[in-house]
Amino acid sequence: MPAEHSAGTPGRARRSPSIRGGAPAVLSVPAIIAIVFLVLPLLGLLVRAPWSSLPRLLSDPLVFEALKLSLLSAVLATALSLVFGVPLAWVLARAEFPGKTLLRALVTVPLVLPPVVGGVALLLAFGRRGVVGRYLDAWFGYTIPFTTTAVVLAETFVAMPFLIITVEGAFRAADRRFEEASASLGAGRWTTFRRVTLPLVAPSVLAGAVLCWARALGEFGATITFAGNFPGTTQTMPLAVYLALESDPDAAIALSLVLLAVSVVILAALRDRVVRTGTGV
């Protein structure tokens, strides 16, 4: 019988052990529990949905107004977060200055701050007697609380940190050799940022924007505290669900289904695009 080739003999490469088998039980069991815990409430919503009366419940003009306001305010909050959050993320990732650690902690506080407390803080800052709001009222006769602007600001306050954290990590991980090459070719700092740095972190910016939008769409506590719950003006879908739950549970379930469907469709579509560009949500 011919001798078997040894590991170092050319002609037959030794097969490396495969790691593509099933996950070990120590990981599979907690993963399954997590799936059940996260998916079961959604299944409960679908099972208890009043499907026969759904068209009637959703034909209410207030539902359309709440959905339109939710989508519009979430988009505006995301746009504000991109305009101001991306530069702040760059500062936190690249600049060095005293108090940087404290600043990073302060701008991410809304992640852990109870939303109602955030709404109170916004009132104290932009309310009629607030730190900034008093001057807006005295100089321009303009008050922010309990307006659509207040909805956008409340959502921006709680959602922007999600974008900042995501993009700051991308700026830290970006290969600076490309930026150095751009600078060596005579490009200015703004040109390098716009044409080199930003494209490098674009997938993470998109991922952060998705997280920001999703958080803004579901915002409740800061919105009801700072903007109130006025149909057609400040009543977003989460507020409409809360109001309907007190008087008509079927309507609350129907509104929840609409919000769930919109969220799943948007997040799934954007996630596929993010994955294709090299990252995930």
# chains A, B, ... in the order shown; residues from 1 in each chain; ligands from 1
call {"tool": "residues_around", "arguments": {"residues": "A:Arg172", "least_positions_apart": "5", "cutoff": "10 Å", "atoms": "only C-alpha atoms", "output": "PyMOL selection string"}}
result
chain A and resi 89-90+92-94+167+201
call {"tool": "select_by_dssp", "arguments": {"residues": "stretch 203-276 of chain A", "states": "alpha helix (DSSP H)", "output": "PyMOL selection string"}}
result
chain A and resi 203-217+221-226+237-247+249-276
call {"tool": "write_last_selection", "arguments": {"atoms": "C-alpha atoms", "output": "JSON list (two decimals), in the first residue's frame"}}
result
[["chain", "number", "residue", "atom", "x", "y", "z"],
["A", 203, "PRO", "CA", -21.45, 53.00, 5.85],
["A", 204, "SER", "CA", -21.21, 53.80, 9.55],
["A", 205, "VAL", "CA", -22.87, 57.17, 9.01],
["A", 206, "LEU", "CA", -25.75, 55.38, 7.31],
["A", 207, "ALA", "CA", -25.92, 52.81, 10.10],
["A", 208, "GLY", "CA", -25.94, 55.57, 12.72],
["A", 209, "ALA", "CA", -28.63, 57.43, 10.81],
["A", 210, "VAL", "CA", -30.81, 54.32, 10.78],
["A", 211, "LEU", "CA", -30.44, 53.89, 14.54],
["A", 212, "CYS", "CA", -31.10, 57.59, 15.04],
["A", 213, "TRP", "CA", -34.23, 57.51, 12.88],
["A", 214, "ALA", "CA", -35.57, 54.43, 14.63],
["A", 215, "ARG", "CA", -35.04, 55.98, 18.05],
["A", 216, "ALA", "CA", -36.68, 59.22, 16.95],
["A", 217, "LEU", "CA", -39.68, 57.40, 15.50],
["A", 221, "GLY", "CA", -41.34, 60.47, 27.12],
["A", 222, "ALA", "CA", -39.44, 63.60, 26.12],
["A", 223, "THR", "CA", -42.02, 64.39, 23.44],
["A", 224, "ILE", "CA", -45.08, 64.29, 25.69],
["A", 225, "THR", "CA", -43.27, 66.30, 28.37],
["A", 226, "PHE", "CA", -41.80, 68.98, 26.11],
["A", 237, "MET", "CA", -47.84, 57.65, 16.70],
["A", 238, "PRO", "CA", -46.42, 56.57, 20.10],
["A", 239, "LEU", "CA", -48.51, 59.25, 21.78],
["A", 240, "ALA", "CA", -51.58, 58.21, 19.80],
["A", 241, "VAL", "CA", -51.04, 54.59, 20.89],
["A", 242, "TYR", "CA", -50.81, 55.66, 24.53],
["A", 243, "LEU", "CA", -53.97, 57.75, 24.28],
["A", 244, "ALA", "CA", -55.92, 55.01, 22.51],
["A", 245, "LEU", "CA", -54.82, 52.38, 25.03],
["A", 246, "GLU", "CA", -56.76, 54.16, 27.76],
["A", 247, "SER", "CA", -60.09, 54.13, 25.93],
["A", 249, "PRO", "CA", -57.37, 48.86, 23.23],
["A", 250, "ASP", "CA", -58.22, 47.60, 19.72],
["A", 251, "ALA", "CA", -57.35, 50.99, 18.26],
["A", 252, "ALA", "CA", -54.10, 50.98, 20.22],
["A", 253, "ILE", "CA", -53.20, 47.58, 18.77],
["A", 254, "ALA", "CA", -54.06, 48.77, 15.26],
["A", 255, "LEU", "CA", -51.86, 51.86, 15.64],
["A", 256, "SER", "CA", -49.08, 49.71, 17.05],
["A", 257, "LEU", "CA", -49.28, 47.45, 14.00],
["A", 258, "VAL", "CA", -48.89, 50.42, 11.67],
["A", 259, "LEU", "CA", -45.87, 51.66, 13.60],
["A", 260, "LEU", "CA", -44.39, 48.16, 13.65],
["A", 261, "ALA", "CA", -44.91, 47.67, 9.91],
["A", 262, "VAL", "CA", -43.34, 51.02, 9.02],
["A", 263, "SER", "CA", -40.37, 50.40, 11.30],
["A", 264, "VAL", "CA", -39.71, 46.88, 9.99],
["A", 265, "VAL", "CA", -39.97, 47.88, 6.34],
["A", 266, "ILE", "CA", -37.67, 50.90, 6.68],
["A", 267, "LEU", "CA", -35.11, 49.18, 8.90],
["A", 268, "ALA", "CA", -35.00, 46.04, 6.73],
["A", 269, "ALA", "CA", -34.54, 48.05, 3.54],
["A", 270, "LEU", "CA", -31.82, 50.27, 4.98],
["A", 271, "ARG", "CA", -30.08, 47.37, 6.69],
["A", 272, "ASP", "CA", -29.69, 45.53, 3.37],
["A", 273, "ARG", "CA", -28.16, 48.62, 1.85],
["A", 274, "VAL", "CA", -25.78, 49.03, 4.78],
["A", 275, "VAL", "CA", -24.69, 45.40, 4.60],
["A", 276, "ARG", "CA", -23.93, 45.77, 0.90]]
